[in-house]
Amino acid sequence: MNHTATSRRSLLGALLAGAVLSAAPTAPARTAAPGGPAPVPPGAPRAIRPLLLGTYTSAEGGGTGIGTATYDTTTGAIATGPVITGVDNPSYLAPHPSGSTVYAVDEQDRGAVTAVALAPDGAHRVLGSRDTGGAGPTHLCVHPTGEWLLSANYTSGSVAVHPLAADGSIGERTDLVTHTSPPPGPGQNGPHAHQIVTSPDGGHVLAVDLGNDTVYTYRLDTTAGTLTEVSRAALKPGAGPRHLTFHPGGRFAYLACELDNTAVVCGYDPVTGTLTPGTGQSTGTGPGTSYPAQLLVTADGAFAYLANRGHNSLTRYAVEQDGAALRLLDTVPVGGDFPRQIAFSPDGALLFAANQRSSTVTVFRVDRADGALSGAGRPVAAPVAVCVLPL
């Protein structure tokens with residue numbers, strides 16, 4: 001991570017830390033992480049940093065908005081804080097590069113995206129929402145310029161673009177692209193855009209569509225805020241691609257395929273935006289469908305982790321050949337039920353898992369030498385936890 005990115009992330013952390021350091025004590029723990037908390041390394045520096053929690057406000061037992069909390073960077077212990085209300089079904093969260101604003105999808109029939117200004121005193125303020133032009137948005141990201149918000153509408157199979165003002169607020173939508181071809185995959189009733197992400201260099205925008213087994217590559221006109229398709233990659237029919245993660249080298253990416261229970265290594269050409277999928281490989285979870293949710297890659301590009309919802313585990317891969325290959329190492333129990341989303345702490349030392357069905361967040365320490373995961377802290381109760389964003 002470069003210095004600018006680090007300083008921006010630090011600013012975001014400072015804004016939230018001031019709001020939640022006096023938060024309520026950690027909620028009663030559920031089942032302890034596998035093997036119990038790992039020993040704290042001698043002399044490890046201690047710090048308290050903030051995190052945000054996404055949920056479904058419409059679900060039974062769900063939350064009432066975006067949860068705030070803190071975590072100990074050494075022990076992984078989480079303490080819950082106040083809730084940012086006024087946001088419906090904030091099932092995915094993404095920060096602005098400036099560190100002063102966080103964006104949430106409003107995953108509902110009339111999809112929307114919402115901006116929240118973060119304040120050091122805890123008086124976080126909802127700046128407003130905009131329609132995405134589609135139904136059931138599940139993912140969003142901010143373009144590296146900080147000037148555009150990109151979102152994916154799962155139910156209607158479309159992707160949207162909104163401009164961002166200097167204060168972080170969201171402007172009127174400038175584009176909406178619906179995935180009308182190819183035809184839906186086996187068992188699907190239409191396109192289902194599950195993720196939208198920019199390439200590492202910011203040159204292209206990629207949309208992962210589970211419904212028609214396709215990844216679309218677009219070029220974003222950063223003046224007009226419009227998308228132009230430049231390439232598309234076809235996955236095996238019925239693969240159900242869900243989430244794409246780039247290797248830090250920028251020449252390879254990894255797809256979690258939800259329906260055929262595979263991880264796929266893809267070549268990527270940053271000049272043309274062409275994505276070339278390889279053959280799906282094992283998630284290490286055995287026969288049957290385990291609904292792989294998401295892959296993460298360490299900042300040094302040495303290891304990758306896959307969240308498996310049906311198997312309730314995390315798969316560890318060694319990344320080889322400068323990103324061109326994944327070698328399965330092992331799986332470990334996630335310590336919760338249905339890990340919907342995983343995230344690294346900014347320093348990469350901790351991995352967090354949001355477990356939807358057990359309404360918990362579990363934390364793991366990441367061994368930098370061999371990528372092994374060990375339980376850190378104890379699971380914390382978080383209503384219908386579907387997204388965790390450590391800052």
# chains A, B, ... in the order shown; residues from 1 in each chain; ligands from 1

$ closest_atom_pairs --of "stretch 315-385 of chain A" --to "stretch 249-262 of chain A" --cutoff "10 Å" --atoms "only C-alpha atoms" --output "CSV"
residue,atom,partner,partner_atom,distance
A:Asp322,CA,A:Gly249,CA,7.7
A:Gly323,CA,A:Phe252,CA,5.9
A:Ala324,CA,A:Phe252,CA,6.3
A:Ala325,CA,A:Phe252,CA,9.1
A:Leu326,CA,A:Tyr254,CA,9.0

$ closest_residue --among "A:Thr80, A:Thr272, A:Ser156, A:Ser169" --to "A:Thr114" --atoms "only C-alpha atoms"
A:Ser169

$ atom_distance --atom1 "atom CA of A:Tyr56" --atom2 "atom CA of A:Ser358"
13.4 Å

$ residues_around --residues "A:Thr155" --least-positions-apart "2" --cutoff "7 Å" --atoms "only C-alpha atoms" --output "CSV table (one decimal) with N, CA, C and O atoms, in the first residue's frame"
chain,number,residue,atom,x,y,z
A,135,ALA,N,-32.8,-3.4,-9.1
A,135,ALA,CA,-33.2,-4.0,-7.9
A,135,ALA,C,-32.1,-4.8,-7.2
A,135,ALA,O,-31.3,-5.4,-7.9
A,136,GLY,N,-32.1,-4.8,-5.9
A,136,GLY,CA,-31.3,-5.7,-5.2
A,136,GLY,C,-29.8,-5.4,-5.4
A,136,GLY,O,-29.0,-6.4,-5.6
A,153,ASN,N,-26.4,-4.2,-9.5
A,153,ASN,CA,-27.8,-4.6,-9.1
A,153,ASN,C,-28.0,-6.0,-9.4
A,153,ASN,O,-28.1,-6.5,-10.6
A,157,GLY,N,-29.7,-7.5,-12.8
A,157,GLY,CA,-28.6,-7.7,-13.6
A,157,GLY,C,-28.1,-6.5,-14.3
A,157,GLY,O,-27.8,-6.5,-15.6
A,192,HIS,N,-27.6,-11.6,-13.2
A,192,HIS,CA,-27.5,-11.2,-11.8
A,192,HIS,C,-26.1,-10.7,-11.5
A,192,HIS,O,-25.2,-11.4,-11.2

$ select_by_dssp --residues "stretch 43-112 of chain A" --states "strand (DSSP E or B)" --output "count of residues only"
31

$ closest_residue --among "A:Arg316, A:Arg365, A:Arg46, A:His162" --to "A:Tyr103" --atoms "only C-alpha atoms"
A:His162

$ residues_around --residues "A:Ala47" --least-positions-apart "2" --cutoff "8 Å" --atoms "only C-alpha atoms" --output "list of chain:residue names"
A:Pro45, A:Arg49, A:Asp72, A:Thr73, A:Thr74

$ write_last_selection --atoms "all heavy atoms" --output "short mmCIF file (atom, residue, chain, number, x, y, z; two decimals), in the first residue's frame"
data_model
loop_
_atom_site.label_atom_id
_atom_site.label_comp_id
_atom_site.auth_asym_id
_atom_site.auth_seq_id
_atom_site.Cartn_x
_atom_site.Cartn_y
_atom_site.Cartn_z
N PRO A 45 2.81 -4.48 19.30
CA PRO A 45 2.23 -3.17 19.53
C PRO A 45 0.71 -3.27 19.64
O PRO A 45 0.08 -4.05 18.95
CB PRO A 45 2.64 -2.37 18.30
CG PRO A 45 2.87 -3.40 17.24
CD PRO A 45 3.40 -4.61 17.96
N ARG A 49 -8.64 0.13 16.83
CA ARG A 49 -9.06 0.73 15.58
C ARG A 49 -10.54 0.43 15.35
O ARG A 49 -11.10 -0.50 15.93
CB ARG A 49 -8.22 0.19 14.41
CG ARG A 49 -6.75 0.61 14.47
CD ARG A 49 -6.04 0.23 13.18
NE ARG A 49 -6.62 0.87 12.02
CZ ARG A 49 -6.29 2.09 11.61
NH1 ARG A 49 -5.39 2.81 12.28
NH2 ARG A 49 -6.86 2.60 10.53
N ASP A 72 -9.09 -4.63 18.72
CA ASP A 72 -7.72 -4.56 19.21
C ASP A 72 -6.82 -5.17 18.15
O ASP A 72 -7.00 -6.33 17.77
CB ASP A 72 -7.61 -5.33 20.52
CG ASP A 72 -6.26 -5.18 21.20
OD1 ASP A 72 -5.24 -5.43 20.53
OD2 ASP A 72 -6.22 -4.85 22.39
N THR A 73 -5.85 -4.42 17.65
CA THR A 73 -5.02 -4.89 16.54
C THR A 73 -4.12 -6.06 16.93
O THR A 73 -3.62 -6.77 16.06
CB THR A 73 -4.13 -3.76 16.00
OG1 THR A 73 -3.29 -3.27 17.06
CG2 THR A 73 -4.96 -2.63 15.44
N THR A 74 -3.92 -6.28 18.23
CA THR A 74 -3.08 -7.39 18.68
C THR A 74 -3.90 -8.61 19.04
O THR A 74 -3.63 -9.72 18.58
CB THR A 74 -2.23 -6.96 19.89
OG1 THR A 74 -1.38 -5.88 19.50
CG2 THR A 74 -1.37 -8.11 20.38
#

$ residues_around --residues "A:Asp201" --least-positions-apart "4" --cutoff "10 Å" --atoms "only C-alpha atoms" --output "PyMOL selection string"
chain A and resi 144+250+270-271

$ closest_residue --among "A:Leu164, A:Ala59, A:Ile78, A:Val116" --to "A:Gly128" --atoms "only C-alpha atoms"
A:Val116

$ closest_residue --among "A:Thr298, A:Thr75, A:Asn89, A:Ser290" --to "A:Ala385" --atoms "only C-alpha atoms"
A:Asn89

$ closest_residue --among "A:Gly371, A:Pro292, A:Gly86, A:Gly76" --to "A:Thr57" --atoms "only C-alpha atoms"
A:Gly86

$ atom_distance --atom1 "atom CA of A:Pro390" --atom2 "atom CA of A:Phe364"
12.9 Å

$ residues_around --residues "A:Leu227" --least-positions-apart "6" --cutoff "12 Å" --atoms "only C-alpha atoms" --output "PyMOL selection string"
chain A and resi 148+150+158-162+174-178+203-207+216-221

$ write_last_selection --atoms "N, CA, C and O atoms" --output "PDB file, in the first residue's frame"
ATOM      1  N   TRP A 148     -16.317   8.862  -8.722  1.00  0.00           N
ATOM      2  CA  TRP A 148     -17.407   8.058  -9.255  1.00  0.00           C
ATOM      3  C   TRP A 148     -17.699   6.888  -8.327  1.00  0.00           C
ATOM      4  O   TRP A 148     -16.789   6.252  -7.807  1.00  0.00           O
ATOM      5  N   LEU A 150     -19.607   3.215  -8.270  1.00  0.00           N
ATOM      6  CA  LEU A 150     -20.053   2.154  -9.157  1.00  0.00           C
ATOM      7  C   LEU A 150     -20.805   1.116  -8.332  1.00  0.00           C
ATOM      8  O   LEU A 150     -20.348   0.731  -7.248  1.00  0.00           O
ATOM      9  N   SER A 158     -27.836  -5.413 -13.598  1.00  0.00           N
ATOM     10  CA  SER A 158     -27.352  -4.171 -14.199  1.00  0.00           C
ATOM     11  C   SER A 158     -26.298  -3.518 -13.321  1.00  0.00           C
ATOM     12  O   SER A 158     -26.163  -3.843 -12.142  1.00  0.00           O
ATOM     13  N   VAL A 159     -25.546  -2.596 -13.907  1.00  0.00           N
ATOM     14  CA  VAL A 159     -24.533  -1.841 -13.162  1.00  0.00           C
ATOM     15  C   VAL A 159     -24.777  -0.353 -13.382  1.00  0.00           C
ATOM     16  O   VAL A 159     -25.210   0.071 -14.457  1.00  0.00           O
ATOM     17  N   ALA A 160     -24.510   0.435 -12.341  1.00  0.00           N
ATOM     18  CA  ALA A 160     -24.827   1.854 -12.368  1.00  0.00           C
ATOM     19  C   ALA A 160     -23.607   2.695 -12.016  1.00  0.00           C
ATOM     20  O   ALA A 160     -22.691   2.234 -11.332  1.00  0.00           O
ATOM     21  N   VAL A 161     -23.637   3.944 -12.474  1.00  0.00           N
ATOM     22  CA  VAL A 161     -22.571   4.910 -12.183  1.00  0.00           C
ATOM     23  C   VAL A 161     -23.199   6.174 -11.621  1.00  0.00           C
ATOM     24  O   VAL A 161     -24.198   6.677 -12.150  1.00  0.00           O
ATOM     25  N   HIS A 162     -22.626   6.668 -10.513  1.00  0.00           N
ATOM     26  CA  HIS A 162     -23.047   7.941  -9.931  1.00  0.00           C
ATOM     27  C   HIS A 162     -21.830   8.831  -9.729  1.00  0.00           C
ATOM     28  O   HIS A 162     -20.773   8.345  -9.305  1.00  0.00           O
ATOM     29  N   THR A 174     -25.437   8.704 -13.803  1.00  0.00           N
ATOM     30  CA  THR A 174     -25.000   9.076 -15.145  1.00  0.00           C
ATOM     31  C   THR A 174     -25.040   7.931 -16.135  1.00  0.00           C
ATOM     32  O   THR A 174     -24.980   8.156 -17.345  1.00  0.00           O
ATOM     33  N   ASP A 175     -25.157   6.684 -15.651  1.00  0.00           N
ATOM     34  CA  ASP A 175     -25.247   5.559 -16.572  1.00  0.00           C
ATOM     35  C   ASP A 175     -25.858   4.353 -15.870  1.00  0.00           C
ATOM     36  O   ASP A 175     -25.760   4.206 -14.642  1.00  0.00           O
ATOM     37  N   LEU A 176     -26.500   3.528 -16.663  1.00  0.00           N
ATOM     38  CA  LEU A 176     -27.063   2.258 -16.209  1.00  0.00           C
ATOM     39  C   LEU A 176     -26.944   1.284 -17.369  1.00  0.00           C
ATOM     40  O   LEU A 176     -27.476   1.537 -18.451  1.00  0.00           O
ATOM     41  N   VAL A 177     -26.235   0.183 -17.165  1.00  0.00           N
ATOM     42  CA  VAL A 177     -26.031  -0.818 -18.213  1.00  0.00           C
ATOM     43  C   VAL A 177     -26.609  -2.139 -17.731  1.00  0.00           C
ATOM     44  O   VAL A 177     -26.225  -2.640 -16.662  1.00  0.00           O
ATOM     45  N   THR A 178     -27.518  -2.712 -18.516  1.00  0.00           N
ATOM     46  CA  THR A 178     -28.119  -3.996 -18.182  1.00  0.00           C
ATOM     47  C   THR A 178     -27.492  -5.096 -19.024  1.00  0.00           C
ATOM     48  O   THR A 178     -27.268  -4.919 -20.228  1.00  0.00           O
ATOM     49  N   GLY A 203      -7.772   1.478 -14.748  1.00  0.00           N
ATOM     50  CA  GLY A 203      -8.036   1.670 -16.163  1.00  0.00           C
ATOM     51  C   GLY A 203      -9.328   1.053 -16.653  1.00  0.00           C
ATOM     52  O   GLY A 203      -9.872   1.478 -17.677  1.00  0.00           O
ATOM     53  N   HIS A 204      -9.817   0.031 -15.952  1.00  0.00           N
ATOM     54  CA  HIS A 204     -11.030  -0.650 -16.382  1.00  0.00           C
ATOM     55  C   HIS A 204     -11.929  -0.936 -15.188  1.00  0.00           C
ATOM     56  O   HIS A 204     -11.479  -0.945 -14.035  1.00  0.00           O
ATOM     57  N   VAL A 205     -13.205  -1.192 -15.504  1.00  0.00           N
ATOM     58  CA  VAL A 205     -14.200  -1.588 -14.525  1.00  0.00           C
ATOM     59  C   VAL A 205     -14.702  -2.971 -14.922  1.00  0.00           C
ATOM     60  O   VAL A 205     -15.059  -3.200 -16.076  1.00  0.00           O
ATOM     61  N   LEU A 206     -14.716  -3.907 -13.956  1.00  0.00           N
ATOM     62  CA  LEU A 206     -15.155  -5.270 -14.246  1.00  0.00           C
ATOM     63  C   LEU A 206     -16.398  -5.593 -13.430  1.00  0.00           C
ATOM     64  O   LEU A 206     -16.460  -5.308 -12.231  1.00  0.00           O
ATOM     65  N   ALA A 207     -17.400  -6.179 -14.111  1.00  0.00           N
ATOM     66  CA  ALA A 207     -18.653  -6.564 -13.469  1.00  0.00           C
ATOM     67  C   ALA A 207     -18.819  -8.075 -13.562  1.00  0.00           C
ATOM     68  O   ALA A 207     -18.766  -8.645 -14.649  1.00  0.00           O
ATOM     69  N   TYR A 216     -17.882  -8.950 -17.346  1.00  0.00           N
ATOM     70  CA  TYR A 216     -17.828  -7.885 -18.335  1.00  0.00           C
ATOM     71  C   TYR A 216     -16.721  -6.896 -17.963  1.00  0.00           C
ATOM     72  O   TYR A 216     -16.585  -6.535 -16.790  1.00  0.00           O
ATOM     73  N   THR A 217     -15.988  -6.434 -18.947  1.00  0.00           N
ATOM     74  CA  THR A 217     -14.996  -5.381 -18.729  1.00  0.00           C
ATOM     75  C   THR A 217     -15.463  -4.119 -19.436  1.00  0.00           C
ATOM     76  O   THR A 217     -15.821  -4.146 -20.617  1.00  0.00           O
ATOM     77  N   TYR A 218     -15.459  -3.016 -18.693  1.00  0.00           N
ATOM     78  CA  TYR A 218     -15.865  -1.724 -19.229  1.00  0.00           C
ATOM     79  C   TYR A 218     -14.729  -0.718 -19.088  1.00  0.00           C
ATOM     80  O   TYR A 218     -13.872  -0.845 -18.210  1.00  0.00           O
ATOM     81  N   ARG A 219     -14.782   0.288 -19.948  1.00  0.00           N
ATOM     82  CA  ARG A 219     -13.943   1.462 -19.746  1.00  0.00           C
ATOM     83  C   ARG A 219     -14.851   2.599 -19.290  1.00  0.00           C
ATOM     84  O   ARG A 219     -15.903   2.838 -19.886  1.00  0.00           O
ATOM     85  N   LEU A 220     -14.459   3.257 -18.213  1.00  0.00           N
ATOM     86  CA  LEU A 220     -15.249   4.350 -17.664  1.00  0.00           C
ATOM     87  C   LEU A 220     -14.771   5.680 -18.229  1.00  0.00           C
ATOM     88  O   LEU A 220     -13.581   6.008 -18.140  1.00  0.00           O
ATOM     89  N   ASP A 221     -15.676   6.426 -18.822  1.00  0.00           N
ATOM     90  CA  ASP A 221     -15.397   7.790 -19.247  1.00  0.00           C
ATOM     91  C   ASP A 221     -15.456   8.660 -17.992  1.00  0.00           C
ATOM     92  O   ASP A 221     -16.545   8.905 -17.449  1.00  0.00           O
TER      93      ASP A 221
END

$ atom_distance --atom1 "atom CA of A:Ala302" --atom2 "atom CA of A:Asp213"
27.8 Å

$ residues_around --residues "A:Ser313" --least-positions-apart "6" --cutoff "9 Å" --atoms "only C-alpha atoms" --output "JSON, numbers by chain"
{"A": [285, 306, 307, 331, 332, 333, 334, 335, 336, 337, 338, 339]}

$ write_last_selection --atoms "all heavy atoms" --output "compact mmCIF listing (two decimals), in the first residue's frame"
# COMPACT_ATOMS: atom_id res chain seq x y z
N THR A 285 -13.34 -28.32 -0.02
CA THR A 285 -14.49 -28.54 0.86
C THR A 285 -15.20 -29.86 0.58
O THR A 285 -16.25 -30.13 1.18
CB THR A 285 -15.50 -27.39 0.71
OG1 THR A 285 -15.91 -27.31 -0.67
CG2 THR A 285 -14.86 -26.07 1.12
N LEU A 306 -10.29 -18.18 0.76
CA LEU A 306 -11.63 -18.28 0.20
C LEU A 306 -12.63 -18.60 1.31
O LEU A 306 -12.42 -19.54 2.09
CB LEU A 306 -11.68 -19.39 -0.86
CG LEU A 306 -13.05 -19.72 -1.46
CD1 LEU A 306 -13.59 -18.55 -2.26
CD2 LEU A 306 -12.94 -20.97 -2.34
N ALA A 307 -13.70 -17.82 1.40
CA ALA A 307 -14.77 -18.08 2.37
C ALA A 307 -15.77 -19.04 1.75
O ALA A 307 -16.31 -18.78 0.67
CB ALA A 307 -15.45 -16.78 2.76
N THR A 331 -8.04 -26.15 4.78
CA THR A 331 -9.22 -25.38 5.18
C THR A 331 -9.28 -25.38 6.70
O THR A 331 -8.84 -26.33 7.35
CB THR A 331 -10.53 -25.97 4.63
OG1 THR A 331 -10.73 -27.27 5.17
CG2 THR A 331 -10.50 -26.05 3.11
N VAL A 332 -9.81 -24.29 7.27
CA VAL A 332 -9.99 -24.22 8.72
C VAL A 332 -11.43 -23.79 8.99
O VAL A 332 -12.03 -23.03 8.22
CB VAL A 332 -9.02 -23.22 9.37
CG1 VAL A 332 -7.58 -23.64 9.16
CG2 VAL A 332 -9.24 -21.81 8.85
N PRO A 333 -12.04 -24.28 10.07
CA PRO A 333 -13.40 -23.84 10.43
C PRO A 333 -13.43 -22.33 10.67
O PRO A 333 -12.52 -21.77 11.28
CB PRO A 333 -13.70 -24.61 11.71
CG PRO A 333 -12.76 -25.77 11.70
CD PRO A 333 -11.52 -25.29 11.02
N VAL A 334 -14.49 -21.69 10.19
CA VAL A 334 -14.57 -20.24 10.33
C VAL A 334 -15.07 -19.84 11.72
O VAL A 334 -14.96 -18.67 12.11
CB VAL A 334 -15.47 -19.65 9.23
CG1 VAL A 334 -16.95 -19.92 9.52
CG2 VAL A 334 -15.23 -18.16 9.03
N GLY A 335 -15.63 -20.78 12.48
CA GLY A 335 -16.10 -20.45 13.81
C GLY A 335 -17.45 -19.77 13.84
O GLY A 335 -17.84 -19.19 14.85
N GLY A 336 -18.19 -19.86 12.74
CA GLY A 336 -19.52 -19.29 12.64
C GLY A 336 -20.28 -19.98 11.53
O GLY A 336 -19.79 -20.94 10.93
N ASP A 337 -21.46 -19.47 11.21
CA ASP A 337 -22.31 -20.10 10.21
C ASP A 337 -22.55 -19.16 9.04
O ASP A 337 -23.04 -18.05 9.21
CB ASP A 337 -23.65 -20.48 10.86
CG ASP A 337 -24.53 -21.33 9.95
OD1 ASP A 337 -24.11 -21.65 8.82
OD2 ASP A 337 -25.65 -21.68 10.39
N PHE A 338 -22.15 -19.61 7.83
CA PHE A 338 -22.39 -18.93 6.57
C PHE A 338 -21.56 -17.65 6.44
O PHE A 338 -22.09 -16.53 6.45
CB PHE A 338 -23.88 -18.61 6.41
CG PHE A 338 -24.39 -18.77 5.00
CD1 PHE A 338 -24.42 -20.02 4.40
CD2 PHE A 338 -24.84 -17.68 4.28
CE1 PHE A 338 -24.90 -20.17 3.09
CE2 PHE A 338 -25.32 -17.81 2.99
CZ PHE A 338 -25.35 -19.07 2.39
N PRO A 339 -20.24 -17.78 6.30
CA PRO A 339 -19.37 -16.60 6.15
C PRO A 339 -19.62 -15.88 4.82
O PRO A 339 -19.14 -16.29 3.78
CB PRO A 339 -17.95 -17.19 6.21
CG PRO A 339 -18.11 -18.61 5.75
CD PRO A 339 -19.46 -19.04 6.26
